[in-house]
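Have a look at run_10.cif; it's mmCIF, C-alpha atoms:
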```
data_query
loop_
_atom_site.label_atom_id
_atom_site.label_comp_id
_atom_site.auth_asym_id
_atom_site.auth_seq_id
_atom_site.Cartn_x
_atom_site.Cartn_y
_atom_site.Cartn_z
CA MET A 1 88.78 96.90 79.45
CA ALA A 2 87.07 94.30 81.65
CA LEU A 3 88.84 93.49 84.91
CA GLY A 4 89.94 89.86 84.79
CA PHE A 5 91.70 87.62 87.28
CA ASP A 6 92.58 84.54 85.23
CA GLY A 7 95.58 82.80 86.77
CA ARG A 8 95.37 84.85 89.96
CA VAL A 9 95.00 83.28 93.41
CA ALA A 10 93.13 85.14 96.14
CA ILE A 11 92.56 84.67 99.86
CA VAL A 12 89.42 86.32 101.24
CA THR A 13 89.05 86.19 105.03
CA GLY A 14 85.63 86.20 106.62
CA ALA A 15 84.21 85.00 103.32
CA GLY A 16 81.47 82.75 104.63
CA GLY A 17 78.82 85.47 104.43
CA GLY A 18 78.13 89.15 103.87
CA LEU A 19 80.81 91.23 102.17
CA GLY A 20 83.46 88.50 102.16
CA ARG A 21 81.16 86.08 100.38
CA GLU A 22 80.34 88.68 97.70
CA HIS A 23 84.06 89.47 97.27
CA ALA A 24 84.90 85.77 96.88
CA LEU A 25 82.07 85.13 94.40
CA ALA A 26 82.98 88.23 92.37
CA LEU A 27 86.67 87.29 92.17
CA ALA A 28 85.85 83.70 91.21
CA ALA A 29 83.35 84.82 88.57
CA ARG A 30 86.16 86.73 86.87
CA GLY A 31 88.65 83.87 86.91
CA ALA A 32 90.45 83.96 90.26
CA LYS A 33 91.10 80.83 92.28
CA VAL A 34 89.86 81.61 95.78
CA VAL A 35 90.64 80.49 99.32
CA VAL A 36 87.36 81.04 101.15
CA ASN A 37 88.41 81.59 104.75
CA ASP A 38 85.84 81.72 107.53
CA LEU A 39 86.03 80.65 111.15
CA GLY A 40 82.25 80.29 111.11
CA GLY A 41 81.79 81.95 114.48
CA ALA A 42 79.02 84.19 115.75
CA ARG A 43 79.10 87.93 115.17
CA ASP A 44 80.94 88.46 118.48
CA GLY A 45 83.62 85.93 117.53
CA THR A 46 82.41 82.98 119.62
CA GLY A 47 82.04 79.47 118.21
CA ALA A 48 83.24 77.96 114.94
CA SER A 49 81.79 76.01 111.99
CA SER A 50 82.99 75.14 108.49
CA ALA A 51 79.48 75.18 107.01
CA ALA A 52 79.50 78.79 105.78
CA ALA A 53 82.87 78.56 103.98
CA ASP A 54 81.95 75.18 102.48
CA ALA A 55 78.70 76.61 101.12
CA VAL A 56 80.51 79.49 99.36
CA VAL A 57 83.04 77.06 97.86
CA ALA A 58 80.16 74.91 96.60
CA GLU A 59 78.62 78.01 94.95
CA ILE A 60 81.88 78.87 93.23
CA VAL A 61 82.49 75.30 92.03
CA ALA A 62 78.90 74.97 90.80
CA ALA A 63 79.46 78.10 88.69
CA GLY A 64 82.59 76.57 87.14
CA GLY A 65 85.20 78.22 89.36
CA GLU A 66 87.97 76.93 91.62
CA ALA A 67 87.97 77.39 95.39
CA ILE A 68 88.97 75.75 98.65
CA ALA A 69 87.54 76.33 102.12
CA ASN A 70 89.63 77.20 105.16
CA GLY A 71 88.55 77.58 108.78
CA ALA A 72 91.59 79.31 110.28
CA SER A 73 91.06 82.03 112.85
CA VAL A 74 92.96 85.10 111.66
CA THR A 75 94.08 85.58 115.28
CA ASP A 76 96.11 82.34 115.09
CA PRO A 77 99.37 82.93 113.16
CA GLU A 78 100.12 79.20 112.84
CA ALA A 79 96.68 78.44 111.39
CA VAL A 80 97.04 81.40 109.03
CA GLN A 81 100.45 80.10 107.88
CA ALA A 82 98.93 76.66 107.28
CA MET A 83 96.20 78.30 105.16
CA VAL A 84 98.81 80.09 103.04
CA ASP A 85 100.86 76.88 102.74
CA ALA A 86 97.77 75.00 101.53
CA ALA A 87 97.05 77.63 98.86
CA MET A 88 100.68 77.54 97.68
CA ALA A 89 100.69 73.73 97.59
CA LYS A 90 97.53 73.70 95.49
CA TRP A 91 98.10 76.65 93.14
CA GLY A 92 101.77 77.67 93.49
CA ARG A 93 101.24 81.40 93.96
CA LEU A 94 99.28 84.02 95.92
CA ASP A 95 98.35 87.30 94.27
CA ILE A 96 95.53 88.82 96.29
CA LEU A 97 94.75 89.08 100.00
CA VAL A 98 91.45 90.59 101.14
CA ASN A 99 91.54 91.19 104.90
CA ASN A 100 87.81 91.18 105.58
CA ALA A 101 87.31 89.04 108.72
CA GLY A 102 85.81 90.92 111.63
CA VAL A 103 83.73 90.81 114.78
CA LEU A 104 81.67 93.28 116.78
CA ARG A 105 81.45 93.76 120.53
CA ASP A 106 79.72 97.14 120.68
CA LYS A 107 79.30 99.00 123.97
CA SER A 108 79.93 102.53 125.13
CA PHE A 109 83.52 102.96 126.32
CA ALA A 110 82.29 103.40 129.90
CA LYS A 111 80.70 99.93 129.82
CA MET A 112 83.24 98.14 127.62
CA THR A 113 85.63 95.63 129.19
CA LEU A 114 89.30 95.66 128.30
CA GLU A 115 88.87 92.07 127.12
CA ASP A 116 86.24 93.14 124.56
CA PHE A 117 88.46 96.02 123.43
CA ARG A 118 91.50 93.80 123.05
CA PHE A 119 89.62 91.00 121.26
CA VAL A 120 88.15 93.28 118.58
CA VAL A 121 91.57 94.87 117.93
CA ASP A 122 93.11 91.39 117.82
CA VAL A 123 90.68 90.15 115.15
CA HIS A 124 90.55 93.22 112.90
CA LEU A 125 94.04 94.69 113.23
CA MET A 126 96.28 91.81 114.31
CA GLY A 127 94.26 89.41 112.14
CA ALA A 128 95.14 91.51 109.10
CA VAL A 129 98.76 91.71 110.28
CA ASN A 130 98.93 87.90 110.66
CA CYS A 131 97.51 87.27 107.19
CA THR A 132 99.59 89.97 105.52
CA LYS A 133 102.79 88.78 107.19
CA ALA A 134 102.11 85.23 105.95
CA VAL A 135 101.82 86.34 102.29
CA TRP A 136 104.32 89.23 102.27
CA GLU A 137 107.49 87.31 101.35
CA ILE A 138 105.61 85.33 98.69
CA MET A 139 104.42 88.55 97.08
CA ARG A 140 107.87 90.13 97.32
CA ALA A 141 109.43 87.09 95.60
CA GLN A 142 106.78 87.26 92.85
CA ASN A 143 107.17 91.04 92.50
CA TYR A 144 103.39 91.17 92.56
CA GLY A 145 100.75 91.49 95.24
CA ARG A 146 97.43 93.19 95.90
CA ILE A 147 96.28 93.60 99.50
CA VAL A 148 93.11 95.24 100.80
CA MET A 149 92.41 96.21 104.40
CA THR A 150 88.76 96.58 105.36
CA THR A 151 88.49 99.87 107.24
CA SER A 152 85.28 101.65 108.22
CA SER A 153 83.68 105.06 108.50
CA SER A 154 83.56 104.25 112.24
CA GLY A 155 87.35 104.28 112.27
CA LEU A 156 87.75 107.24 109.93
CA TYR A 157 85.12 109.42 111.60
CA GLY A 158 84.00 107.73 114.84
CA ASN A 159 80.76 106.07 115.93
CA PHE A 160 79.12 105.89 119.35
CA GLY A 161 79.60 102.52 121.04
CA GLN A 162 82.45 101.37 118.80
CA ALA A 163 85.67 102.60 120.42
CA ASN A 164 87.30 99.17 120.02
CA TYR A 165 86.16 98.67 116.43
CA ALA A 166 87.02 102.26 115.46
CA ALA A 167 90.53 102.03 116.92
CA ALA A 168 91.18 98.80 115.02
CA LYS A 169 89.76 100.15 111.76
CA MET A 170 91.87 103.33 111.87
CA GLY A 171 94.88 101.19 112.79
CA LEU A 172 94.39 99.34 109.51
CA VAL A 173 94.70 102.63 107.62
CA GLY A 174 98.06 103.28 109.27
CA LEU A 175 99.15 99.74 108.39
CA MET A 176 98.14 100.35 104.76
CA GLN A 177 100.03 103.64 104.58
CA THR A 178 103.32 102.07 105.60
CA LEU A 179 102.98 98.76 103.74
CA ALA A 180 102.15 100.63 100.52
CA ILE A 181 105.46 102.49 100.87
CA GLU A 182 107.44 99.34 101.74
CA GLY A 183 105.79 97.24 99.03
CA GLN A 184 106.22 99.70 96.19
CA LYS A 185 109.49 98.35 94.81
CA ASN A 186 108.00 94.84 94.53
CA ASP A 187 104.70 95.99 92.98
CA ILE A 188 102.74 95.16 96.13
CA ARG A 189 99.82 97.59 96.16
CA VAL A 190 97.97 98.06 99.43
CA ASN A 191 94.60 99.78 99.74
CA SER A 192 91.70 100.14 102.17
CA LEU A 193 88.00 99.63 101.54
CA ALA A 194 85.44 101.42 103.74
CA PRO A 195 82.15 99.63 103.03
CA THR A 196 78.56 100.51 103.87
CA ALA A 197 76.42 97.41 103.49
CA HIS A 198 73.66 95.51 105.24
CA THR A 199 75.06 92.26 106.62
CA ARG A 200 74.68 90.43 109.93
CA MET A 201 77.35 92.84 111.24
CA THR A 202 74.99 95.79 110.78
CA GLU A 203 71.61 94.20 111.42
CA ASP A 204 71.11 96.12 114.68
CA LEU A 205 71.35 99.43 112.77
CA GLY A 206 68.30 98.61 110.67
CA ALA A 207 66.22 101.59 111.72
CA ALA A 208 68.94 104.01 110.62
CA LEU A 209 69.71 102.53 107.21
CA PRO A 210 67.61 101.91 104.06
CA LEU A 211 68.61 98.26 104.04
CA GLU A 212 67.20 97.37 100.63
CA ALA A 213 69.65 99.83 99.02
CA LEU A 214 72.69 98.51 100.88
CA GLY A 215 73.34 95.05 99.46
CA PRO A 216 76.94 93.87 100.02
CA GLU A 217 77.18 93.02 96.30
CA LEU A 218 77.16 96.77 95.61
CA VAL A 219 80.50 97.14 97.46
CA SER A 220 82.45 94.40 95.66
CA PRO A 221 82.99 96.34 92.37
CA GLY A 222 85.24 98.70 94.33
CA LEU A 223 87.10 95.76 95.85
CA LEU A 224 87.70 94.26 92.39
CA TYR A 225 89.36 97.47 91.21
CA LEU A 226 91.54 97.69 94.35
CA VAL A 227 92.96 94.18 93.72
CA SER A 228 93.26 94.43 89.93
CA GLU A 229 96.46 94.61 87.92
CA ASP A 230 96.08 98.37 87.40
CA ALA A 231 95.04 99.04 91.00
CA PRO A 232 96.06 102.24 92.76
CA THR A 233 97.98 102.05 96.01
CA ARG A 234 97.37 103.82 99.36
CA CYS A 235 93.75 104.50 98.45
CA ILE A 236 90.95 104.63 101.03
CA LEU A 237 87.85 103.84 98.96
CA GLY A 238 84.38 104.32 100.39
CA ALA A 239 81.71 102.09 98.85
CA GLY A 240 78.00 101.49 99.44
CA ALA A 241 74.63 101.49 97.67
CA GLY A 242 76.43 101.88 94.34
CA GLY A 243 78.31 105.00 95.50
CA PHE A 244 82.10 105.22 95.53
CA GLU A 245 84.14 107.95 97.25
CA ARG A 246 87.72 108.51 98.27
CA ALA A 247 88.83 109.50 101.77
CA TYR A 248 92.13 111.22 102.55
CA VAL A 249 94.25 111.96 105.61
CA THR A 250 95.32 115.56 105.05
CA ILE A 251 97.35 118.27 106.78
CA THR A 252 96.77 122.03 106.73
CA GLN A 253 99.43 124.67 106.12
CA GLY A 254 99.05 125.90 109.69
CA ILE A 255 101.11 128.61 111.42
CA HIS A 256 104.50 129.16 113.05
CA ALA A 257 104.39 130.11 116.73
CA VAL A 258 107.37 130.32 119.13
CA GLY A 259 108.24 132.20 122.29
CA PRO A 260 106.74 132.42 125.76
CA ASP A 261 103.31 133.28 124.38
CA ALA A 262 103.24 130.37 121.86
CA PRO A 263 100.33 128.67 123.68
CA GLU A 264 98.32 131.90 123.44
CA GLN A 265 99.23 132.23 119.76
CA VAL A 266 97.96 128.69 119.12
CA GLU A 267 94.73 129.60 120.91
CA ALA A 268 94.29 132.94 119.15
CA ARG A 269 95.12 131.60 115.70
CA PHE A 270 93.42 128.20 115.92
CA GLU A 271 91.03 129.12 113.13
CA GLU A 272 94.04 129.83 110.91
CA ILE A 273 95.62 126.51 111.93
CA SER A 274 92.35 124.82 110.95
CA ASP A 275 92.03 126.59 107.57
CA ARG A 276 91.88 123.87 104.93
CA SER A 277 92.84 126.00 101.94
CA GLY A 278 96.18 124.70 100.69
CA GLU A 279 95.97 121.47 102.68
CA ILE A 280 97.93 118.53 101.29
CA VAL A 281 97.93 114.72 101.36
CA PRO A 282 101.46 113.87 102.57
CA ASP A 283 103.53 111.25 100.74
CA MET A 284 104.82 109.99 104.07
CA GLY A 285 104.98 110.93 107.74
CA ALA A 286 108.13 113.02 107.30
CA ALA A 287 106.09 115.56 105.31
CA GLN A 288 104.70 117.01 108.55
CA GLY A 289 108.19 117.69 109.83
CA MET A 290 109.19 119.29 106.53
CA ILE A 291 106.21 121.65 106.66
CA GLU A 292 107.11 122.64 110.21
CA LEU A 293 110.82 123.12 109.46
CA THR A 294 110.04 125.19 106.34
CA LYS A 295 107.87 127.51 108.43
CA ALA A 296 110.63 127.82 111.02
CA GLN A 297 113.24 128.65 108.33
CA LYS A 298 110.99 131.32 106.83
CA ALA A 299 110.36 132.84 110.25
CA HIS A 300 114.06 133.08 110.96
CA GLY A 301 114.89 134.38 107.48
#
```

Would you put the structure from the file into structure tokens?
Amino acid sequence: MALGFDGRVAIVTGAGGGLGREHALALAARGAKVVVNDLGGARDGTGASSAAADAVVAEIVAAGGEAIANGASVTDPEAVQAMVDAAMAKWGRLDILVNNAGVLRDKSFAKMTLEDFRFVVDVHLMGAVNCTKAVWEIMRAQNYGRIVMTTSSSGLYGNFGQANYAAAKMGLVGLMQTLAIEGQKNDIRVNSLAPTAHTRMTEDLGAALPLEALGPELVSPGLLYLVSEDAPTRCILGAGAGGFERAYVTITQGIHAVGPDAPEQVEARFEEISDRSGEIVPDMGAAQGMIELTKAQKAHG
């Protein structure tokens, strides 16, 4: 059955170009009313202009869709609240939030300033928190909501020169894990998208990537599923070049080691601790403690 969004209202942050623009166009093409949010700044977060968001709105309207532009910085909770208020005043509901806005200030950790670290975390992580907080009570009252965090392979697996970006992107996965649990009873489904695409955010990586195969439009099909009525929840979906994968945070069965030589046991049996056979994807953080207590109970008979 075709995924449709008739009657749904979506906010897409950072939607003036790249991935956000493709997400907004794809949602609008399938019937969603879209708030196209973009500060219109440079890649490092400096400056502001409404031109990019306005251009995407014009594209959507020209194709017969409904959209409004918004220039709020996701780092400004009051501006974010005003954006949500404007969407509610116009359309009376909010069903979908795509936290896509981001910046880059890449440098090796040795050369990175604390200001550049803090700013990138503020945009990616706290920006998503600000936007999610502003829509959360609306979605709870509706008993319906679909939220996507934009994570990254840099956060999941690391990438040289991106300590700030990686920390923020992995932080978004933790935010997703907890909000998916808390939102369950009100049918608020929260997922993460880990895209690989060629946009202005990745233009410096050109030599390493076959750019012609990495159009941002090839990522948006995954996004559409993650915000659909039958979406999963707590999914980390990788997407790029037409490929889709799922990433998991897992835990191994491990060992039980106590006594004065416990450190030596951990050292000697580290391969066993690392053995992935029988690993699980925990339902929540308490699962780790349960695994450890079960081992302790078995050891003490």

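Of note, atom CA of Leu97 of chain A and atom CA of Ala32 of chain A are spaced 11.8 Å apart.
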
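For the choices A:Leu175, A:Val120, A:Ala55, A:Ala168, the atom-to-atom distance to Ala67 of chain A is smallest for A:Ala55 when using only C-alpha atoms.
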
Using the chain letters and numbering of this document, enumerate as an mmCIF file with C-alpha atoms, in the frame of the given file the residues selected by the PyMOL selection byres ((chain A and resi 283) around 12).
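Result file follows (result-v2.cif):
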```
data_model
loop_
_atom_site.group_PDB
_atom_site.id
_atom_site.type_symbol
_atom_site.label_atom_id
_atom_site.label_comp_id
_atom_site.auth_asym_id
_atom_site.auth_seq_id
_atom_site.Cartn_x
_atom_site.Cartn_y
_atom_site.Cartn_z
ATOM 1 C CA GLN A 177 100.030 103.640 104.580
ATOM 2 C CA THR A 178 103.320 102.070 105.600
ATOM 3 C CA ALA A 180 102.150 100.630 100.520
ATOM 4 C CA ILE A 181 105.460 102.490 100.870
ATOM 5 C CA THR A 233 97.980 102.050 96.010
ATOM 6 C CA ARG A 234 97.370 103.820 99.360
ATOM 7 C CA TYR A 248 92.130 111.220 102.550
ATOM 8 C CA VAL A 249 94.250 111.960 105.610
ATOM 9 C CA THR A 250 95.320 115.560 105.050
ATOM 10 C CA ILE A 251 97.350 118.270 106.780
ATOM 11 C CA ILE A 280 97.930 118.530 101.290
ATOM 12 C CA VAL A 281 97.930 114.720 101.360
ATOM 13 C CA PRO A 282 101.460 113.870 102.570
ATOM 14 C CA MET A 284 104.820 109.990 104.070
ATOM 15 C CA GLY A 285 104.980 110.930 107.740
ATOM 16 C CA ALA A 286 108.130 113.020 107.300
ATOM 17 C CA ALA A 287 106.090 115.560 105.310
ATOM 18 C CA GLN A 288 104.700 117.010 108.550
ATOM 19 C CA MET A 290 109.190 119.290 106.530
#
```

(message) Taking (84.0, 76.8, 115.8) as a centre in this file's frame and 7 Å as the limit, can you find every polymer residue with an atom that close, using only C-alpha atoms, and give them as an MDAnalysis selection string?
(response) chainID A and resid 39:41 47:49

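Every protein, DNA or RNA residue with an atom at most 8 Å from segment 126-140 of chain A, where all atoms listed in the file count and chain neighbours fewer than 3 positions away do not, is listed here: Val74, Thr75, Asp76, Pro77, Val80, Gln81, Val84, Arg93, Leu94, Asp95, Leu97, Asn99, Ala101, Val121, Asp122, Val123, Asn143, Tyr144, Gly145, Ile147, Met149, Leu172, Gly183, Asn186, Asp187 and Ile188 of chain A.
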
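Put simply, atom CA of Glu292 of chain A is 7.6 Å away from atom CA of His256 of chain A.
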
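When all atoms listed in the file are used to compute distances to Glu66 of chain A, the closest of the residues A:Leu25, A:Ile11, A:Val34, A:Leu104 turns out to be A:Val34.
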
(request) Run the PyMOL selection byres ((chain A and resi 222) around 10) against the file shown and list the residues it catches, as a VMD selection string. (result) chain A and resid 23 193 to 195 218 to 221 223 to 227 237 to 240 242 to 245

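Distance check against Arg21 of chain A using all atoms listed in the file: of A:Val148, A:Leu211, A:Val35, A:Ala82, the minimum falls on A:Val35.
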
(message) Once the PyMOL selection byres ((chain A and resi 107) around 10) is applied to the coordinates I shared, what remains selected? I want it as a ChimeraX atom specification.
(response) /A:104-106,108-113,116-117,160-164

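Ranking A:His300, A:Arg269, A:Lys169, A:Arg30 by their shortest atom-to-atom distance to Ile236 of chain A, with only C-alpha atoms included, puts A:Lys169 first.
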
(message) With distances taken over only C-alpha atoms, which residue among A:Leu125, A:Cys235, A:Ala28, A:Ala268 lies nearest Gly65 of chain A?
(response) A:Ala28
